[in-house]
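S.K.: Encoded as structure tokens, here's the structure I'll be asking about.
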Amino acid sequence: MDVYDELILYYLLFTINSTLTIRPTNAYNAMNDRMKSYSFFQMSHCSAASRISEEQQHQLRDFFFFFYLYAHPVNEDTLYACSFREQRLVHTKSNISLEQYFSAFHDHYSEHCDQYRDDLIINPDDIQASKHLTLELLRILEGKSSPLHMPSEEGLEAVVELINNVDLMLQLYEDNPSALFEIMRDFLVEDHSTLYRDHCFTTLLQNYVCYILHFKFDEIHTLVDYFSSTPTWCGIIINKMFTDTIFIQRIMRLKQIDINTYPNVIAHFGEEARSIYLS
């Protein structure tokens with residue numbers, strides 16, 4: 001590992017530790033913040049999703065880790081510097097595990113605090129506390145911790161239950177796709193918007209994109225057909241899926257899907273979606 005490799009891992013350490021940072025949002029960073037937090041949340045879930053194959057779990061894990069870094073954002077070298085070895089994140093070039101490196105990094109400064117007293121503003125106990133937080137965040141990224149859960153509130157019980165239990169969403173869809181779409185419809189019927197309600201609905205739609213359309217993109221026809229009698233609601237759902245994040249854009253690129261072969265979907269595109277996918 002050379003000096004540049006160490007700089008990459010130092011920046012990766014900063015990226016992980018900024019996961020819980022709340023920043024003022026603007027038009028530039030709103031989507032990135034949404035994708036990074038969503039990817040972090042899903043990395044605690046996808047390895048525990050038993051209704052998808054192990055290969056699909058790995059594909060989703062790599063997909064979410066890519067976006068977790070991409071949306072921070074990091075430079076290209078950092079984006080591709082690490083990979084999974086089973087359920088461990090490692091620096092690909094050296095095969096050093098991130099857990100090993102980050103532990104050694106914090107221990108070094110904790111044990112040699114006197115040498116860096118002019119540069120450090122925290123004591124050894126604080127450094128060790130920081131190490132434990134970093135390693136816990138890393139465990140979530142590696143899928144080694146319990147899945148994270150979103151809190152429910154009145155009127156959101158069905159949506160949040162599916163968000164917190166991916167297997168339940170997949171089983172519901174496998175047994176009866178209309179049952180999932182009814183939950184989406186019921187949310188739109190209530191028409192009582194708050195920031196948290198909108199966040200939950202966006203999360204459910206992106207779960208539909210990442211866990212269902214990712215592997216069977218043609219299932220989008222089933223959604224459009226279900227909402228054919230309510231084109232306004234269909235437009236809301238389609239445009240949120242295609243413009244709230246760029247997950248579906250990357251899926252289409254990876255799968256070499258031409259959106260022009262889906263005229264029933266394009267028919268519901270708003271101005272923003274058209275400018276992204278049809279220009």
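We name chains A, B, ... following the order of the structure tokens; residues begin at 1 in each chain, and ligands are numbered from 1 as shown.
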Taking only C-alpha atoms into account, produce a table as a Markdown table in which each residue of stretch 24-118 of chain A with an atom at most 8 Å from an atom of stretch 147-169 of chain A appears once, together with its shortest atom pair and the distance in Å to one decimal, ordered by chain and rising number.
M.R.:
| residue | atom | partner | partner_atom | distance |
| --- | --- | --- | --- | --- |
| A:Phe41 | CA | A:Leu148 | CA | 6.3 |
| A:Ser44 | CA | A:Pro147 | CA | 4.7 |
| A:His45 | CA | A:Pro147 | CA | 5.2 |
| A:Cys46 | CA | A:Val166 | CA | 8.0 |
| A:Ala48 | CA | A:Pro147 | CA | 7.7 |
| A:Ala49 | CA | A:Asp167 | CA | 5.6 |
| A:Ser50 | CA | A:Asp167 | CA | 6.5 |
| A:Arg51 | CA | A:Asp167 | CA | 5.8 |
S.K.: Hey, what does DSSP flag as strand (DSSP E or B) within stretch 64-269 of chain A? Can you give it to me as a PyMOL selection string?
M.R.: chain A and resi 82-85+88-91+96-97
S.K.: With the cut-off set at 12 Å and counting only C-alpha atoms, tabulate each residue of stretch 139-245 of chain A with an atom at most that distance from an atom of stretch 258-277 of chain A, showing the nearest atom pair and its distance in Å to one decimal, ordered by chain and increasing number, as a Markdown table.
M.R.:
| residue | atom | partner | partner_atom | distance |
| --- | --- | --- | --- | --- |
| A:Phe217 | CA | A:Tyr262 | CA | 10.5 |
| A:Asp218 | CA | A:Tyr262 | CA | 9.0 |
| A:Glu219 | CA | A:Tyr262 | CA | 11.4 |
| A:Ile220 | CA | A:Val265 | CA | 8.0 |
| A:His221 | CA | A:Asn264 | CA | 7.8 |
| A:Thr222 | CA | A:Val265 | CA | 10.9 |
| A:Leu223 | CA | A:Val265 | CA | 9.6 |
| A:Val224 | CA | A:Val265 | CA | 7.0 |
| A:Asp225 | CA | A:Asn264 | CA | 8.9 |
| A:Phe227 | CA | A:His268 | CA | 10.9 |
| A:Ser228 | CA | A:Asn264 | CA | 9.6 |
| A:Thr230 | CA | A:His268 | CA | 11.1 |
| A:Pro231 | CA | A:His268 | CA | 7.5 |
| A:Thr232 | CA | A:His268 | CA | 8.4 |
| A:Trp233 | CA | A:His268 | CA | 9.7 |
| A:Cys234 | CA | A:His268 | CA | 7.0 |
| A:Gly235 | CA | A:His268 | CA | 4.8 |
| A:Ile236 | CA | A:His268 | CA | 8.4 |
| A:Ile237 | CA | A:His268 | CA | 9.2 |
| A:Ile238 | CA | A:His268 | CA | 6.8 |
| A:Asn239 | CA | A:Phe269 | CA | 6.1 |
| A:Lys240 | CA | A:Ala273 | CA | 9.1 |
| A:Met241 | CA | A:Ala273 | CA | 9.7 |
| A:Phe242 | CA | A:Ala273 | CA | 6.5 |
| A:Thr243 | CA | A:Ala273 | CA | 6.1 |
| A:Asp244 | CA | A:Ala273 | CA | 9.9 |
| A:Thr245 | CA | A:Ala273 | CA | 11.1 |
S.K.: Pick out the closest residue to A:Ile251 from this set: A:Val209, A:Met184, A:Cys200, A:Ile121. Count only C-alpha atoms.
M.R.: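 So, comparing all the options, the nearest one is A:Val209.
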S.K.: For A:Ser18, which of A:Val189, A:Leu213, A:Ala179, A:Leu133 is the closest residue, counting only C-alpha atoms?
M.R.: A:Leu133
S.K.: Report, in Å with one decimal, the straight-line distance from atom CA of A:Ser110 to atom CA of A:Asn123.
M.R.: 7.5 Å
S.K.: Would you mind writing down, as a ChimeraX atom specification, each residue of stretch 179-224 of chain A that DSSP on the backbone assigns to helix (DSSP H, G or I)?
M.R.: /A:179-190,195-213,217-224
S.K.: Show which residues sit within 9 Å of A:Phe65, as a list in words. Count only C-alpha atoms, and ignore same-chain residues fewer than 3 positions away.
M.R.: Lys36, Ser39, Phe40, Met43, Leu60, Arg61, Asp62, Tyr68, Leu69, Tyr70, Ser83 and Leu141 of chain A
S.K.: Using only C-alpha atoms for the distances, tell me which of A:Arg34, A:Glu99, A:Glu86, A:Tyr116 is nearest to A:Glu55.
M.R.: A:Glu86
S.K.: Pick out the residues sitting within 10 Å of A:Ser47, and hand them over as a PDB file with C-alpha atoms, in the first residue's frame; count only C-alpha atoms, and ignore anything fewer than 6 positions along from it in its own chain.
M.R.:
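So the final result, stored in selection_32.pdb, reads:
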ATOM      1  CA  SER A  53     -30.752 -15.522  -4.565  1.00  0.00           C
ATOM      2  CA  GLU A  54     -27.284 -15.167  -3.087  1.00  0.00           C
ATOM      3  CA  GLN A  56     -28.766 -11.246  -6.492  1.00  0.00           C
ATOM      4  CA  GLN A  57     -27.852 -10.255  -2.930  1.00  0.00           C
ATOM      5  CA  HIS A  58     -24.262  -9.716  -4.051  1.00  0.00           C
ATOM      6  CA  LEU A  60     -27.494  -5.449  -4.936  1.00  0.00           C
ATOM      7  CA  ARG A  61     -24.754  -5.091  -2.318  1.00  0.00           C
ATOM      8  CA  GLN A  87     -18.894 -10.306   3.738  1.00  0.00           C
ATOM      9  CA  GLU A 142     -20.943  -5.080   5.259  1.00  0.00           C
ATOM     10  CA  GLY A 143     -24.370  -6.371   6.232  1.00  0.00           C
ATOM     11  CA  LYS A 144     -23.132  -7.812   9.522  1.00  0.00           C
ATOM     12  CA  PRO A 147     -31.197  -4.413   9.519  1.00  0.00           C
TER      13      PRO A 147
END
S.K.: One decimal, Å: what's the distance from atom CA of A:Leu180 over to atom CA of A:Leu204, could you say?
M.R.: 9.9 Å
S.K.: Hey, what's within 10 Å of A:Tyr10 if we count only C-alpha atoms and toss same-chain stuff fewer than 4 positions away? As a list in words, please?
M.R.: Tyr4, Asp5, Glu6, Phe14, Thr15, Thr78, Tyr101, Phe102 and Phe105 of chain A
S.K.: Residues at most 12 Å from A:Asn75, counting only C-alpha atoms, excluding those fewer than 2 positions away in the same chain, as number ranges by chain?
M.R.: A: 7-8, 11-12, 15, 66, 69-73, 77-81
S.K.: Export C-alpha atoms of the chosen residues as a PDB file, in the first residue's frame?
M.R.:
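Produced file selection_4.pdb, reproduced below:
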ATOM      1  CA  LEU A   7      -5.054   8.837   1.141  1.00  0.00           C
ATOM      2  CA  ILE A   8      -7.884   6.933  -0.534  1.00  0.00           C
ATOM      3  CA  TYR A  11     -11.026   9.748   2.441  1.00  0.00           C
ATOM      4  CA  LEU A  12     -13.111   6.582   2.676  1.00  0.00           C
ATOM      5  CA  THR A  15     -17.008   9.249   3.800  1.00  0.00           C
ATOM      6  CA  PHE A  66     -21.278   1.960  -5.598  1.00  0.00           C
ATOM      7  CA  LEU A  69     -19.664   6.242  -2.552  1.00  0.00           C
ATOM      8  CA  TYR A  70     -20.754   7.849  -5.829  1.00  0.00           C
ATOM      9  CA  ALA A  71     -23.336  10.011  -4.084  1.00  0.00           C
ATOM     10  CA  HIS A  72     -20.951  11.231  -1.354  1.00  0.00           C
ATOM     11  CA  PRO A  73     -19.314  12.034  -3.847  1.00  0.00           C
ATOM     12  CA  ASP A  77     -10.014   6.107  -7.643  1.00  0.00           C
ATOM     13  CA  THR A  78     -11.865   5.948  -4.331  1.00  0.00           C
ATOM     14  CA  LEU A  79     -15.046   4.739  -6.050  1.00  0.00           C
ATOM     15  CA  TYR A  80     -13.332   1.609  -7.321  1.00  0.00           C
ATOM     16  CA  ALA A  81     -10.655   1.102  -4.631  1.00  0.00           C
TER      17      ALA A  81
END
